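Novice: Before I ask anything, let me first share the structure, which is written out below as structure tokens.
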Amino acid sequence: MGRYAYVNGRYVDHQQASVHIEDRGYQLADGVYEVVGIRDGKMIDEALHIDRLDRSLRELRIGWPVARGTLGFILRELMRRNSLRDGLIYMQVTRGVARRDHAFPTTPVKPALVITTKNTKHLGADPGPGVAVKSQRDIRWERCDIKTIALLPNVLAKQAARESGAYEAWLVDDQGCVTEGASTNAWIVTPDGELITRQTDNGILAGITRHTLKALASSMQLKFVERPFTLAEAKKAKEAFITSATSFVTPVVKIDGDAVGDGKVGPTARRLREEYVRFAGEGEAVT
């Protein structure tokens with residue numbers, strides 16, 4: 001069976017999918033994206049992801065390429081054509097095709113929409129042995145709250161982490177505080193059992209999995225605080241973990257080669273992953 005992509009109104013063979021060379025996303029990174037996790041043929045937190053896409057578009061003053069309801073239909077049709085049961089669906093909207101100029105096009109252009117899917121393994125409640133992270137200086141721009149396709153600093157940080165043998169990079173600002181991962185949100189559990197993640201501001205992306213986990217943590221009556229935490233504090237934490245649409249809740253057992261806690265997956269991360277997997281499987285609405 002072939003694999004399909006959606007490109008500007010057409011379902012096309014994935015290997016033949018293409019955009020114009022003067023698409024502003026290709027030339028200027030003038031666009032935004034969203035990634036939605038798929039489990040058992042259902043989108044996880046679909047409405048929240050589409051809300052965030054809408055916000056990103058408004059922040060960059062890019063119009064919607066199709067109506068919101070039409071987008072939902074396209075997503076489901078692409079999932080159907082690709083027989084997607086477990087994996088990811090990627091949406092990208094750029095300002096469109098125009099003669100290259102840093103300023104916005106002076107004549108109206110239609111925003112460009114590209115959607116692809118990816119099959120992944122069925123993620124379960126078992127978090128595995130945990131992962132290592134490597135700290136990197138946060139050199140990104142000051143609007144990380146917009147899910148823009150301009151990801152070169154994230155790419156370089158992730159590559160440095162992988163070359164060091166780590167799974168993810170934790171980005172550290174000029175105050176020595178961890179902002180987030182290269183493609184994830186960062187969490188720690190203090191020795192007192194307090195669950196900490198940075199507050200949402202222009203320094204991080206407001207992760208949708210992060211949002212859902214906050215609600216789950218509240219329902220589990222965990223002590224939870226949104227505030228900055230330093231890299232030094234993270235290394236002394238009882239537990240640490242990362243969250244995203246692709247990794248769910250993944251425990252962090254090493255930071256810069258140093259063990260977090262006893263170097264094993266902790267009970268808080270394990271419980272939160274179990275609850276998130278249950279939520280994803282049931283498709284419950286968490287607000």
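Just remember, in the structure tokens the first chain shown is A, the second B, etc., residues are 1-based per chain, and ligands are 1-based in the order shown.
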Pick out the residues sitting within 9 Å of range 24-35 of chain A, and hand them over as a PyMOL selection string; count only C-alpha atoms, and ignore anything fewer than 3 positions along from it in its own chain.

Specialist: chain A and resi 19-21+49-50+52-53+56-57+60+62+88-102+112+146-151+245-246

Novice: Can you tell me which residues surround Leu48 in chain A at a distance of at most 12 Å, considering only C-alpha atoms, apart from same-chain residues fewer than 2 positions away, and format the answer as a compact mmCIF listing (two decimals) with C-alpha atoms, in the first residue's frame?

Specialist:
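To be explicit, this is the file written out as selection36.txt:
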# COMPACT_ATOMS: atom_id res chain seq x y z
CA GLU A 34 1.83 21.08 14.74
CA VAL A 35 2.39 17.44 15.58
CA VAL A 36 -0.46 15.32 16.96
CA GLY A 37 0.04 11.89 18.48
CA MET A 43 -5.84 11.76 17.70
CA ILE A 44 -4.66 12.70 21.19
CA ASP A 45 -5.78 16.18 22.33
CA GLU A 46 -6.78 17.15 18.79
CA ILE A 50 -5.56 22.91 16.60
CA ASP A 51 -6.08 25.75 19.09
CA ARG A 52 -2.31 26.11 19.39
CA LEU A 53 -1.94 26.06 15.60
CA ASP A 54 -4.48 28.87 15.44
CA ARG A 55 -2.50 30.87 18.00
CA ALA A 206 3.29 25.54 25.88
CA GLY A 207 3.32 21.79 25.25
CA ILE A 208 -0.03 20.09 24.81
CA THR A 209 1.17 16.93 26.57
CA ARG A 210 2.46 19.24 29.30
CA HIS A 211 -1.00 20.80 29.59
CA THR A 212 -2.70 17.43 29.89
CA ALA A 245 3.43 14.26 21.74
CA ALA A 285 -11.27 15.31 27.63
CA VAL A 286 -8.95 16.87 30.20
CA THR A 287 -9.37 20.61 30.80

Novice: In Å, how far is it from CA of Ala103 in chain A to CA of Arg143 in chain A?

Specialist: 18.5 Å

Novice: So how far away is CA of Arg273 in chain A from CA of Gln136 in chain A, in Å?

Specialist: 25.9 Å

Novice: Which polymer residues have any atom within 10 Å of an atom of range 153-168 of chain A, counting only C-alpha atoms, with same-chain residues fewer than 3 positions away left out, as a short mmCIF file (atom, residue, chain, number, x, y, z; two decimals) with N, CA and C atoms, in the first residue's frame?

Specialist:
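Result went into selection00.cif, see below:
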data_model
loop_
_atom_site.label_atom_id
_atom_site.label_comp_id
_atom_site.auth_asym_id
_atom_site.auth_seq_id
_atom_site.Cartn_x
_atom_site.Cartn_y
_atom_site.Cartn_z
N GLY A 130 14.56 4.59 30.91
CA GLY A 130 14.84 6.02 31.01
C GLY A 130 15.89 6.46 30.02
N VAL A 131 16.08 7.77 29.91
CA VAL A 131 17.01 8.33 28.93
C VAL A 131 17.96 9.31 29.60
N ALA A 132 19.00 9.65 28.86
CA ALA A 132 19.97 10.66 29.30
C ALA A 132 19.73 11.97 28.55
N VAL A 133 20.00 13.09 29.22
CA VAL A 133 19.94 14.39 28.56
C VAL A 133 21.29 15.10 28.72
N LYS A 134 21.55 15.99 27.79
CA LYS A 134 22.78 16.76 27.79
C LYS A 134 22.43 18.24 27.79
N SER A 135 23.00 19.01 28.70
CA SER A 135 22.69 20.44 28.75
C SER A 135 23.39 21.18 27.61
N GLN A 136 22.67 22.15 27.06
CA GLN A 136 23.18 23.00 25.99
C GLN A 136 22.71 24.43 26.25
N ARG A 137 23.54 25.39 25.88
CA ARG A 137 23.14 26.79 26.02
C ARG A 137 21.94 27.09 25.13
N ASP A 138 20.96 27.78 25.67
CA ASP A 138 19.76 28.13 24.90
C ASP A 138 20.06 29.35 24.06
N ILE A 139 20.18 29.17 22.76
CA ILE A 139 20.54 30.26 21.85
C ILE A 139 19.38 30.63 20.93
N ARG A 140 18.17 30.21 21.29
CA ARG A 140 17.01 30.47 20.43
C ARG A 140 16.53 31.90 20.55
N TRP A 141 15.59 32.28 19.66
CA TRP A 141 15.03 33.63 19.70
C TRP A 141 14.08 33.77 20.88
N ALA A 150 11.21 27.44 12.23
CA ALA A 150 12.60 27.90 12.33
C ALA A 150 13.26 27.20 13.52
N LEU A 171 17.93 22.77 27.34
CA LEU A 171 18.42 24.10 27.01
C LEU A 171 18.48 24.95 28.28
N GLY A 181 13.43 21.13 26.66
CA GLY A 181 14.27 20.31 25.80
C GLY A 181 14.25 20.83 24.37
N ALA A 182 15.10 20.27 23.54
CA ALA A 182 15.15 20.67 22.14
C ALA A 182 13.83 20.39 21.44
N SER A 183 13.12 19.33 21.86
CA SER A 183 11.81 19.03 21.28
C SER A 183 10.84 18.50 22.33
N THR A 184 11.08 18.84 23.59
CA THR A 184 10.25 18.36 24.69
C THR A 184 10.15 19.41 25.78
N ILE A 242 10.78 14.04 30.68
CA ILE A 242 10.41 14.92 29.57
C ILE A 242 9.04 14.52 29.07
N VAL A 252 13.96 10.73 32.78
CA VAL A 252 15.36 11.09 32.57
C VAL A 252 16.16 10.53 33.75
N LYS A 254 19.76 10.38 33.60
CA LYS A 254 21.09 11.00 33.64
C LYS A 254 21.03 12.39 33.05
N ILE A 255 21.74 13.31 33.67
CA ILE A 255 21.92 14.67 33.15
C ILE A 255 23.41 14.95 33.08
N ASP A 256 23.92 15.20 31.90
CA ASP A 256 25.35 15.44 31.70
C ASP A 256 26.20 14.31 32.28
N GLY A 257 25.71 13.09 32.19
CA GLY A 257 26.45 11.93 32.67
C GLY A 257 26.26 11.61 34.14
#

Novice: Could you tell me how far CA of Lys238 in chain A lies from CA of Gln175 in chain A, in Å and to one decimal?

Specialist: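 Value for the CA of Lys238 in chain A-CA of Gln175 in chain A distance: 22.1 Å.
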
Novice: Among range 87-190 of chain A, which ones does DSSP assign to alpha helix (DSSP H) (computed from the backbone)? Answer as a list in words.

Specialist: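 DSSP on the backbone gives alpha helix (DSSP H) at Leu152, Pro153, Asn154, Val155, Leu156, Ala157, Lys158, Gln159, Ala160, Ala161, Arg162 and Glu163 of chain A.
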
Novice: Convert the current residue selection to file output with C-alpha atoms, as a PDB file, in the first residue's frame.

Specialist:
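What follows is the written file out_10.pdb:
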ATOM      1  CA  LEU A 152      17.946  25.344  13.572  1.00  0.00           C
ATOM      2  CA  PRO A 153      19.057  26.029  17.194  1.00  0.00           C
ATOM      3  CA  ASN A 154      16.970  23.046  18.311  1.00  0.00           C
ATOM      4  CA  VAL A 155      18.520  20.907  15.588  1.00  0.00           C
ATOM      5  CA  LEU A 156      22.062  21.824  16.661  1.00  0.00           C
ATOM      6  CA  ALA A 157      21.276  21.176  20.326  1.00  0.00           C
ATOM      7  CA  LYS A 158      19.686  17.811  19.584  1.00  0.00           C
ATOM      8  CA  GLN A 159      22.606  16.792  17.384  1.00  0.00           C
ATOM      9  CA  ALA A 160      25.119  17.738  20.091  1.00  0.00           C
ATOM     10  CA  ALA A 161      23.150  15.648  22.572  1.00  0.00           C
ATOM     11  CA  ARG A 162      23.019  12.641  20.272  1.00  0.00           C
ATOM     12  CA  GLU A 163      26.756  12.885  19.536  1.00  0.00           C
TER      13      GLU A 163
END

Novice: As a list in words, which residues of range 21-68 of chain A does DSSP assign to strand (DSSP E)?

Specialist: Gly31, Val32, Tyr33, Glu34, Val35, Val36, Gly37, Ile38, Arg39, Lys42 and Met43 of chain A

Novice: Considering only C-alpha atoms, can you say which of A:Ala5, A:Ser247, A:Phe224, A:Val172 comes closest to Thr120 in chain A?

Specialist: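 Of all the options, A:Ser247 lies closest to Thr120 in chain A.
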
Novice: Counting only C-alpha atoms, what is within 12 Å of Gly128 in chain A, bar same-chain residues fewer than 6 positions away, as a PyMOL selection string?

Specialist: chain A and resi 247+249-253+264-266+269-270+273

Novice: What are the closest atom pairs, with distances in Å to one decimal, for all residues of range 111-185 of chain A lying within 10 Å of range 65-68 of chain A? Consider only C-alpha atoms, order rows by chain and residue number, and present the result as a Markdown table.

Specialist:
| residue | atom | partner | partner_atom | distance |
| --- | --- | --- | --- | --- |
| A:Pro111 | CA | A:Pro65 | CA | 5.0 |
| A:Ala112 | CA | A:Pro65 | CA | 6.3 |
| A:Leu113 | CA | A:Pro65 | CA | 6.3 |
| A:Val114 | CA | A:Pro65 | CA | 10.0 |

Novice: Take the residues just selected and output them with N, CA and C atoms as an mmCIF file, in the first residue's frame.

Specialist:
data_model
loop_
_atom_site.group_PDB
_atom_site.id
_atom_site.type_symbol
_atom_site.label_atom_id
_atom_site.label_comp_id
_atom_site.auth_asym_id
_atom_site.auth_seq_id
_atom_site.Cartn_x
_atom_site.Cartn_y
_atom_site.Cartn_z
ATOM 1 N N PRO A 111 -1.998 30.880 1.946
ATOM 2 C CA PRO A 111 -1.109 30.080 2.796
ATOM 3 C C PRO A 111 -1.035 28.641 2.299
ATOM 4 N N ALA A 112 0.133 28.048 2.442
ATOM 5 C CA ALA A 112 0.374 26.684 1.963
ATOM 6 C C ALA A 112 0.210 25.697 3.112
ATOM 7 N N LEU A 113 -0.418 24.565 2.815
ATOM 8 C CA LEU A 113 -0.677 23.537 3.829
ATOM 9 C C LEU A 113 -0.100 22.200 3.367
ATOM 10 N N VAL A 114 0.751 21.632 4.204
ATOM 11 C CA VAL A 114 1.329 20.310 3.961
ATOM 12 C C VAL A 114 1.065 19.446 5.186
#

Novice: Please determine, counting only C-alpha atoms, which residue among A:Thr116, A:Ser219, A:Asn8, A:Thr106 has the shortest atom-to-atom distance to Leu78 in chain A.

Specialist: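 Residue with the minimum atom-to-atom distance to Leu78 in chain A: A:Thr116.
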
Novice: Which one is closest to Arg61 in chain A: A:Glu275, A:Tyr4, A:Val260, A:Pro105? Count only C-alpha atoms.

Specialist: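 Using only C-alpha atoms, Arg61 in chain A sits closest to A:Pro105.
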
Novice: Tell me, as a list in words, which residues lie within 6 Å of range 226-234 of chain A, counting only C-alpha atoms; anything in the same chain fewer than 2 positions away does not count.

Specialist: Gly176, Cys177, Val178, Ile196, Thr197, Arg198, Gln199, Lys236 and Ala237 of chain A

Novice: Create the file for the chosen residues now, containing C-alpha atoms and written as a PDB file, in the first residue's frame.

Specialist:
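Saved as selection02.pdb:
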ATOM      1  CA  GLY A 176      21.423  28.891  34.556  1.00  0.00           C
ATOM      2  CA  CYS A 177      17.793  27.769  34.385  1.00  0.00           C
ATOM      3  CA  VAL A 178      16.527  24.926  32.233  1.00  0.00           C
ATOM      4  CA  ILE A 196       8.232  21.267  38.959  1.00  0.00           C
ATOM      5  CA  THR A 197       8.129  22.535  35.399  1.00  0.00           C
ATOM      6  CA  ARG A 198       8.824  26.009  34.060  1.00  0.00           C
ATOM      7  CA  GLN A 199       5.898  28.380  33.722  1.00  0.00           C
ATOM      8  CA  LYS A 236      20.041  17.126  42.630  1.00  0.00           C
ATOM      9  CA  ALA A 237      16.430  16.214  41.888  1.00  0.00           C
TER      10      ALA A 237
END

Novice: Need the shell around Leu205 in chain A: protein/DNA/RNA residues with any atom at most 8 Å away, counting only C-alpha atoms. Skip same-chain ones fewer than 4 positions apart. Format as a list in words?

Specialist: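 After dropping sequence-adjacent residues, the list is Cys144, Asp145, Ile146, Lys147, Asn185, Thr200 and Asp201 of chain A.
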
Novice: Take the residues from that selection and put them in a file with N, CA and C atoms, as a PDB file, in the first residue's frame.

Specialist:
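Output saved as selection.pdb:
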ATOM      1  N   CYS A 144       9.819  31.689  21.710  1.00  0.00           N
ATOM      2  CA  CYS A 144       9.731  30.230  21.651  1.00  0.00           C
ATOM      3  C   CYS A 144       8.315  29.731  21.892  1.00  0.00           C
ATOM      4  N   ASP A 145       7.407  30.629  22.291  1.00  0.00           N
ATOM      5  CA  ASP A 145       6.006  30.248  22.485  1.00  0.00           C
ATOM      6  C   ASP A 145       5.281  30.026  21.163  1.00  0.00           C
ATOM      7  N   ILE A 146       5.867  30.465  20.049  1.00  0.00           N
ATOM      8  CA  ILE A 146       5.289  30.241  18.726  1.00  0.00           C
ATOM      9  C   ILE A 146       5.905  28.966  18.154  1.00  0.00           C
ATOM     10  N   LYS A 147       5.071  28.057  17.696  1.00  0.00           N
ATOM     11  CA  LYS A 147       5.590  26.786  17.171  1.00  0.00           C
ATOM     12  C   LYS A 147       5.986  26.973  15.708  1.00  0.00           C
ATOM     13  N   ASN A 185       9.215  19.232  26.710  1.00  0.00           N
ATOM     14  CA  ASN A 185       9.191  20.024  27.933  1.00  0.00           C
ATOM     15  C   ASN A 185       9.923  19.268  29.035  1.00  0.00           C
ATOM     16  N   THR A 200       4.713  28.769  31.631  1.00  0.00           N
ATOM     17  CA  THR A 200       4.631  29.103  30.210  1.00  0.00           C
ATOM     18  C   THR A 200       4.791  30.604  30.029  1.00  0.00           C
ATOM     19  N   ASP A 201       5.742  30.960  29.207  1.00  0.00           N
ATOM     20  CA  ASP A 201       5.984  32.349  28.821  1.00  0.00           C
ATOM     21  C   ASP A 201       6.630  32.304  27.454  1.00  0.00           C
TER      22      ASP A 201
END

Novice: Go through A:Arg3, A:Asp13, A:Asp40, A:Thr190 one by one, measure the shortest atom-to-atom distance of each to Lys118 in chain A using only C-alpha atoms, and give the residue with the smallest value.

Specialist: A:Arg3
